[in-house]
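Colleague: Pasting in a structure now, in structure tokens, and then I'll have a few things to ask.
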Amino acid sequence: MDGARSCLLCCRTCLGNGVSNEHDKSNPFALDNLLSAGTISVDVQESHLHCAHRHSSDTWHPVPSRQLSVYAEDDVFCKISFLTEHQFLRATCRLGASQRVLYIRIYLVPADLPTVQESLRHRSEAVLKEGHRHLQALLPSIVQDRHSWNADELPSINQPQNYFLPRDIDNRTMAEIYSDLPSLVSSTIAVGEEIRGLRSTLYEYQRQSVAVMIEKELSNQPVQDPLYIPISNVHGNRFYFQPSTLTTAHECPTVARCKGGILCEELGTGKTVMILGLILATVDQLSQPEESLLDYRPIMSPLAYRTFPADEYRNARRRAGMHKSSTLDVTSVPSLVEILLHRIRTWGDKVDTRSHEEQLEASNLWQLLQANTPFYHHYPVKSSPMRALGPSRTRDRVSEYPRLMHLTTATLVVVPVNLLGQWDREILKHCHSTLRYLIIRQITQIPSAKVLASDYDLIIMTDSRFRRESVKNKVVRLHKLKPCTCAPFPGSRVPNCRCPSDPAVSPLLQIRWKRLVIDEGHTSGNTAATLNYFVRELSIERKWIVTGTPTSNILGLSLGRKQDDDLENDTDIDSTYSLPIPATMDCSASDTSSISDGGTEKVWGMYDYVNLRKLGTMISDFLSVPQFHSDLKLFGSHVSAPLCDRRGPRIGAVKVLSQVMEMVMIRHRIEDVEEEVVLPPMQHTPIYMDLDAYAAKSYNAMQASIAINAIDSQREGQDYIFHPRNAKSLQVAMDNLSQGMFWSASDILFNVDQIRHEAPKFLARATAAKVPNHDMALLEEALAHAEAAAKDPLWRVMQQHEDVPFRVTGMDAAVFEAWTRGRLKDRSRVHDLMHANRLCDLRALIRSRPLTNLDRLVEEGRALDINERARCEKKSTQVHDVTNAAQMKKMVSEVKDELEVMKEKEKVYQAEDVPEIDIDDYVRRKLGHHAAPSPSNLLNLSPLSGTCVGPSLSTKLNFILSEVLEHSEKEKFLIFSNSPLTLAHIAEALSLIEIKYLRYTTDVSPPLREQCVMTFESSDTFRVFLMELKLGARGLNLISASRVIFCEPVWHPDVEAQAIKRAHRIGQTKPITVKTLVIRHTAEEAMVSRRHLLKRSGKVPRMTTEVGMRHFMENPRFLAATTEPERFSSSIQISLLTHVEPRAQNFTSTHTSEDSAASSAPNLKVINTSNQPDDIADRVLKRPRTVRFTDRY
């Protein structure tokens, strides 16, 4: 009554007589049962408000639903009226003391309101859609303020208002959301320091991850729905809100737990050993039958199915049509031994048999145990409903039999082909011999389903072999197989099953797998992946994805990254060269997402949407998280769509994504990992250098083609190489120019003859088109460089062979002319130039026959030249192809020899009394393998005893050789390149200086790659590992190397970081030195500069579309010609015939004294190797043609 007297909305009658308050507790929509969201204030001055003649239970008036069009803000009232009518909310109102502001209290109706949930769920689609639209406009304006809730009008104070839905802008990227996920700790499972069967001791964070994985697999407790976020009402009580549907609930709904997830610890933190720990900690747990609403699926064994009289076995025999089989023996009561044989196999980890395996194997019970593989029956789905309820009582013959599914304790692991050998090595390193595992290679025949289920704890196979099995998917044929009627083992009733399997059905489909693990499983985010289709066909209880890079924008590269970032921040990017790019240009011309700063909200673009779709596929399709698997569109509608709204992420959408990721992902924050693991320091240094004079001529010839193309096409139309339709050709040209930064030759001389011939036409067309003066000057410069190259006879003959020439001194002229290739022997040459493989052949000949005279050497050289040309003509290949084939054959032979040496060493360690320091030499002499040729005094009598090999015409190659010669005695090298041809050049040069190397490229078969990794890690003989960049991204462990060289800058920083992680990871004990080779005043230097600017911008676009790089490439300039091409820095000088240990080689620094001083300055990590002035103009690179990269090994 008092509330009515003070209410300014009440009419005189109500004020005089009083009005009653609503206090119907039985009404489910009573205000006390609803969520007190807050208030909305409406300006109603000069509006006539009608009295409702009643009060709600909060003493305020119900908001009137009629005569609202006269109000100034009638749109708000219309929304409230609709939402109230359809029970989305209730609202009450009260007029403020000034009678100008109407305060409206909003009470939201929770979706889990008792007794009315059914009616709330059955609202029509049209009502739900319209209600969602009104709520979306109304909820963000609800204020939670005590004064507004009480309709108190106070003077305006500049204080931030609290809103029902928080208005804080969350501009975190997907990678930042991932980084902010908490480190998970299991509340119910504890993993001790020792896991039975695991040789290694896990770090604490690794044990925590294993514990959380076990909890996820074993717990049947539901979890809170991640699509709801917690919110508070105006009184501070917690409710739950679903941002996608704008619904609320008193209690957070729960959903079924997923038995699996994504193990996405940082790269290099030991995910493989975590999985091995999980397998061994649960090694005896038996998979359980797949749940079914139609069938009762008891766990059976062959012995129990044939002989036990219990009802569950009798019904199973009847449904399979076996109840009258002559092979049944159900007349006698099972013996104690038979009961034990059944229980041991069906109880799993409840019975410890591993500690008694030796005794069991010595008895006759082991064979019976192994044969008594547990299984269950999977009945045909198309059976009639009545038949599904119980055993058939008809006498009809059974046309379809139950599908027999073997239960197993085994885990199936699918790995990329390049990681198969590493898994083998990790098992040998971390696990005791009690772990029974099988590696299925490309040509391995898969055992029967029964053998797989019984004999192994772990089966490992490659993803390609897994996909091959996917074609054997005729599961329906398993229902045609008759039940086993094989005779039992003598003296027992355990069936000795020898039934043949159906070759059209993979054995993998006949097992109920306990666990499936996909290593590097980010590929499962591809909806079209064959792997996903086959996984759906398999019966799997628990699924795990193992990856450090769940999506393209979550890369798991933080371990050890902070010290790398600190070093990079201290590193000065070469300031002698700057990009002429307007500062106002965006970082990317192709990125559709807008990066925000300050108070502007980030808009998630197509790149983010694609990564969300990949994550959704992993969760919904592969992992089959129950909530999302039952509705495959749920992730898109409730997670992706709210994030990718065109106006920015909706309120709470980022929080929902974080909760979904936390539900399926297992990881530790990097700061928690680094409390236990501290990696050695890493120093990353860009090495700036200049091209050799002859390489610069090739570079300028390429640039001439680009400049002429730009001016002749007037930078428009499809003839222009930068036209969007020429994207592929542009990328090919970029790859060729990158190759040219190392060394490149062209059998068509980079088109300089054609350019020279058509020069008048180019000039005439440019004059007719009235091109600007700067373009005319560029055209004339391009023609001049083409002319200079065309007139250089030595440069022309260099283009006839792709190998890198080396400078040679002290060689007899006749021998030189007989052994060098092509016209390099002409007297017009400035230097004696020979290719590395010819020098190696010449050295091998002299070492085998040191007293060979000059005439004989000349004859041998001519014969070699004739034979080489004949082989090329016969195989229709180039000389370089034949050379690389020989390289590959030699490497295969060396790997086999080294494996033989390592095996023999093991025998010697155990059997012979040889000092450890002498074992290597002893074994090699015993096997006839020698790491280095024995010195011979006769070599001093050779006519070529004074011959020396100097630097090559590739400055990058010279630097690599100098580094290897200086450091390879104590440290191993990883050398990365995008180009197999570059790695082939390095391989030839390493052979020349007699440093053992291994190659890991697409030309090498996967089995040989596997052997190369194992050999490099276990042998001290091989000092250099040459790796194609795209193969070194993930998974491989190469911690024996501590020096890393990138032959060219890597555009994507994360690709570079992943390659470095091959060496900079757990287990590494040495500091890591990384050097990236950069040609000054070219696109390579531009890449380093632009990448540094883009470092914090999130997504890095393609190099050919990034606006800064594109501006640089579209404005080509040239390198200044060296006036004295015969001058060169003597960075390498080695004797051809004498083998000298690496540190004893005669090499000198390529740095000038000025640059050496600069490189030693404090905090300066940039090394300059220039012999040219530093004021040369900016340069670009490209030619519109393809260099032949035909490396057939």
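Following the order of the structure tokens, first chain is A, next is B, and so on, with residues numbered from 1 inside each chain and ligands from 1 in the order they appear.
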Can you tell me which residues surround A:Leu34 at a distance of at most 7 Å, considering only C-alpha atoms, apart from same-chain residues fewer than 2 positions away, and format the answer as a list in words?
Modeller: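 Returned residues: Phe29, Ala30, Leu31, Asp32, Ser36, Tyr107, Leu108, Val109 and Pro110 of chain A.
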Colleague: Can I get the selection written as a tab-separated table (two decimals), in the first residue's frame, with N, CA and C atoms?
Modeller:
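Just written: out06.tsv:
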chain	number	residue	atom	x	y	z
A	29	PHE	N	5.98	-17.77	-13.54
A	29	PHE	CA	6.57	-16.56	-14.08
A	29	PHE	C	6.59	-15.42	-13.06
A	30	ALA	N	6.45	-15.78	-11.78
A	30	ALA	CA	6.56	-14.77	-10.73
A	30	ALA	C	7.95	-14.14	-10.78
A	31	LEU	N	8.01	-12.85	-10.43
A	31	LEU	CA	9.29	-12.13	-10.57
A	31	LEU	C	10.40	-12.76	-9.76
A	32	ASP	N	10.05	-13.35	-8.63
A	32	ASP	CA	11.09	-13.95	-7.78
A	32	ASP	C	11.76	-15.13	-8.47
A	36	SER	N	16.74	-11.03	-12.49
A	36	SER	CA	16.65	-9.57	-12.40
A	36	SER	C	17.82	-8.98	-13.17
A	107	TYR	N	13.08	-8.38	-16.25
A	107	TYR	CA	13.23	-9.71	-15.64
A	107	TYR	C	13.23	-10.75	-16.78
A	108	LEU	N	14.36	-11.41	-16.98
A	108	LEU	CA	14.45	-12.40	-18.05
A	108	LEU	C	13.92	-13.74	-17.57
A	109	VAL	N	13.26	-14.45	-18.49
A	109	VAL	CA	12.69	-15.77	-18.19
A	109	VAL	C	13.75	-16.82	-18.48
A	110	PRO	N	14.27	-17.52	-17.46
A	110	PRO	CA	15.28	-18.56	-17.71
A	110	PRO	C	14.69	-19.73	-18.49
Colleague: To one decimal in Å, tell me the separation between atom CA of A:Leu643 and atom CA of A:Gln242.
Modeller: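 For atom CA of A:Leu643 relative to atom CA of A:Gln242, the distance reads 13.4 Å.
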Colleague: Would you mind reading off the distance between atom CA of A:Ala449 and atom CA of A:Lys472, one decimal, in Å?
Modeller: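 Atom-to-atom, atom CA of A:Ala449 to atom CA of A:Lys472, that is 13.6 Å.
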Colleague: Neighbouring residues of A:Ala707 were defined as those with any atom within 9 Å, considering only C-alpha atoms; residues of the same chain fewer than 2 positions away were excluded. Please report them as a list in words.
Modeller: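 Listed by chain and then number, they are Met702, Gln703, Ala704, Ser705, Asn709, Ala710, Ile711, Asp712, Asp775, Leu778, Leu779, Ala782, Glu1114, Asn1115, Pro1116 and Arg1117 of chain A.
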Colleague: Create the file for the chosen residues now, containing all heavy atoms and written as a short mmCIF file (atom, residue, chain, number, x, y, z; two decimals), in the first residue's frame.
Modeller:
data_model
loop_
_atom_site.label_atom_id
_atom_site.label_comp_id
_atom_site.auth_asym_id
_atom_site.auth_seq_id
_atom_site.Cartn_x
_atom_site.Cartn_y
_atom_site.Cartn_z
N MET A 702 67.87 -10.97 -65.17
CA MET A 702 66.49 -11.28 -64.75
C MET A 702 65.70 -9.99 -64.52
O MET A 702 64.55 -9.87 -64.94
CB MET A 702 66.51 -12.10 -63.45
CG MET A 702 67.22 -13.43 -63.52
SD MET A 702 67.13 -14.27 -61.91
CE MET A 702 68.52 -15.38 -62.03
N GLN A 703 66.33 -9.03 -63.86
CA GLN A 703 65.66 -7.77 -63.60
C GLN A 703 65.32 -7.04 -64.90
O GLN A 703 64.29 -6.36 -64.99
CB GLN A 703 66.55 -6.87 -62.73
CG GLN A 703 66.68 -7.35 -61.30
CD GLN A 703 65.37 -7.22 -60.54
OE1 GLN A 703 64.49 -8.04 -60.70
NE2 GLN A 703 65.23 -6.17 -59.75
N ALA A 704 66.18 -7.19 -65.90
CA ALA A 704 65.92 -6.54 -67.18
C ALA A 704 64.62 -7.06 -67.78
O ALA A 704 63.83 -6.28 -68.35
CB ALA A 704 67.09 -6.78 -68.13
N SER A 705 64.39 -8.35 -67.68
CA SER A 705 63.14 -8.92 -68.21
C SER A 705 61.93 -8.34 -67.52
O SER A 705 60.91 -8.03 -68.15
CB SER A 705 63.15 -10.44 -68.06
OG SER A 705 64.16 -11.02 -68.85
N ASN A 709 59.17 -5.95 -69.28
CA ASN A 709 57.77 -6.40 -69.25
C ASN A 709 56.86 -5.30 -68.70
O ASN A 709 55.77 -5.05 -69.23
CB ASN A 709 57.65 -7.67 -68.40
CG ASN A 709 56.22 -8.09 -68.15
OD1 ASN A 709 55.61 -7.68 -67.16
ND2 ASN A 709 55.68 -8.88 -69.05
N ALA A 710 57.31 -4.62 -67.62
CA ALA A 710 56.49 -3.57 -67.00
C ALA A 710 56.29 -2.40 -67.94
O ALA A 710 55.17 -1.90 -68.11
CB ALA A 710 57.15 -3.13 -65.70
N ILE A 711 57.37 -1.96 -68.60
CA ILE A 711 57.28 -0.77 -69.46
C ILE A 711 56.56 -1.09 -70.76
O ILE A 711 55.74 -0.31 -71.24
CB ILE A 711 58.69 -0.21 -69.71
CG1 ILE A 711 59.31 0.24 -68.38
CG2 ILE A 711 58.65 0.95 -70.70
CD1 ILE A 711 60.78 0.51 -68.45
N ASP A 712 56.86 -2.25 -71.33
CA ASP A 712 56.24 -2.62 -72.61
C ASP A 712 54.74 -2.84 -72.46
O ASP A 712 53.97 -2.57 -73.38
CB ASP A 712 56.93 -3.86 -73.17
CG ASP A 712 56.80 -3.95 -74.69
OD1 ASP A 712 56.96 -2.91 -75.36
OD2 ASP A 712 56.53 -5.05 -75.18
N ASP A 775 60.57 5.92 -66.50
CA ASP A 775 60.42 4.60 -67.13
C ASP A 775 61.34 4.46 -68.33
O ASP A 775 61.89 3.38 -68.59
CB ASP A 775 58.96 4.39 -67.55
CG ASP A 775 58.12 3.78 -66.44
OD1 ASP A 775 58.71 3.43 -65.39
OD2 ASP A 775 56.89 3.67 -66.60
N LEU A 778 64.65 3.68 -66.98
CA LEU A 778 64.69 2.29 -66.52
C LEU A 778 64.84 1.33 -67.69
O LEU A 778 65.59 0.35 -67.63
CB LEU A 778 63.42 1.98 -65.72
CG LEU A 778 63.30 0.56 -65.16
CD1 LEU A 778 64.42 0.26 -64.19
CD2 LEU A 778 61.94 0.36 -64.49
N LEU A 779 64.13 1.60 -68.79
CA LEU A 779 64.22 0.76 -69.97
C LEU A 779 65.64 0.78 -70.54
O LEU A 779 66.20 -0.27 -70.90
CB LEU A 779 63.21 1.21 -71.02
CG LEU A 779 63.23 0.47 -72.36
CD1 LEU A 779 62.96 -1.01 -72.16
CD2 LEU A 779 62.21 1.07 -73.33
N ALA A 782 67.87 -1.26 -68.37
CA ALA A 782 67.64 -2.69 -68.54
C ALA A 782 68.31 -3.20 -69.81
O ALA A 782 68.95 -4.27 -69.82
CB ALA A 782 66.14 -2.97 -68.58
N GLU A 1114 57.49 -4.43 -57.97
CA GLU A 1114 56.96 -3.78 -59.16
C GLU A 1114 57.82 -2.61 -59.63
O GLU A 1114 57.55 -2.03 -60.68
CB GLU A 1114 55.53 -3.28 -58.89
CG GLU A 1114 54.50 -4.40 -58.82
CD GLU A 1114 53.11 -3.88 -58.56
OE1 GLU A 1114 53.00 -2.75 -58.02
OE2 GLU A 1114 52.14 -4.56 -58.90
N ASN A 1115 58.82 -2.27 -58.85
CA ASN A 1115 59.71 -1.17 -59.22
C ASN A 1115 61.15 -1.67 -59.28
O ASN A 1115 61.97 -1.39 -58.40
CB ASN A 1115 59.58 -0.03 -58.21
CG ASN A 1115 58.21 0.60 -58.24
OD1 ASN A 1115 57.95 1.53 -59.01
ND2 ASN A 1115 57.30 0.11 -57.41
N PRO A 1116 61.50 -2.46 -60.30
CA PRO A 1116 62.81 -3.10 -60.35
C PRO A 1116 63.94 -2.11 -60.59
O PRO A 1116 63.81 -1.15 -61.34
CB PRO A 1116 62.68 -4.07 -61.53
CG PRO A 1116 61.62 -3.48 -62.39
CD PRO A 1116 60.66 -2.79 -61.47
N ARG A 1117 65.04 -2.39 -59.89
CA ARG A 1117 66.28 -1.67 -60.13
C ARG A 1117 67.42 -2.68 -60.19
O ARG A 1117 67.20 -3.87 -59.97
CB ARG A 1117 66.53 -0.61 -59.05
CG ARG A 1117 65.46 0.48 -59.05
CD ARG A 1117 65.75 1.56 -58.03
NE ARG A 1117 64.67 2.54 -57.98
CZ ARG A 1117 64.66 3.57 -57.14
NH1 ARG A 1117 65.66 3.75 -56.29
NH2 ARG A 1117 63.66 4.41 -57.14
#
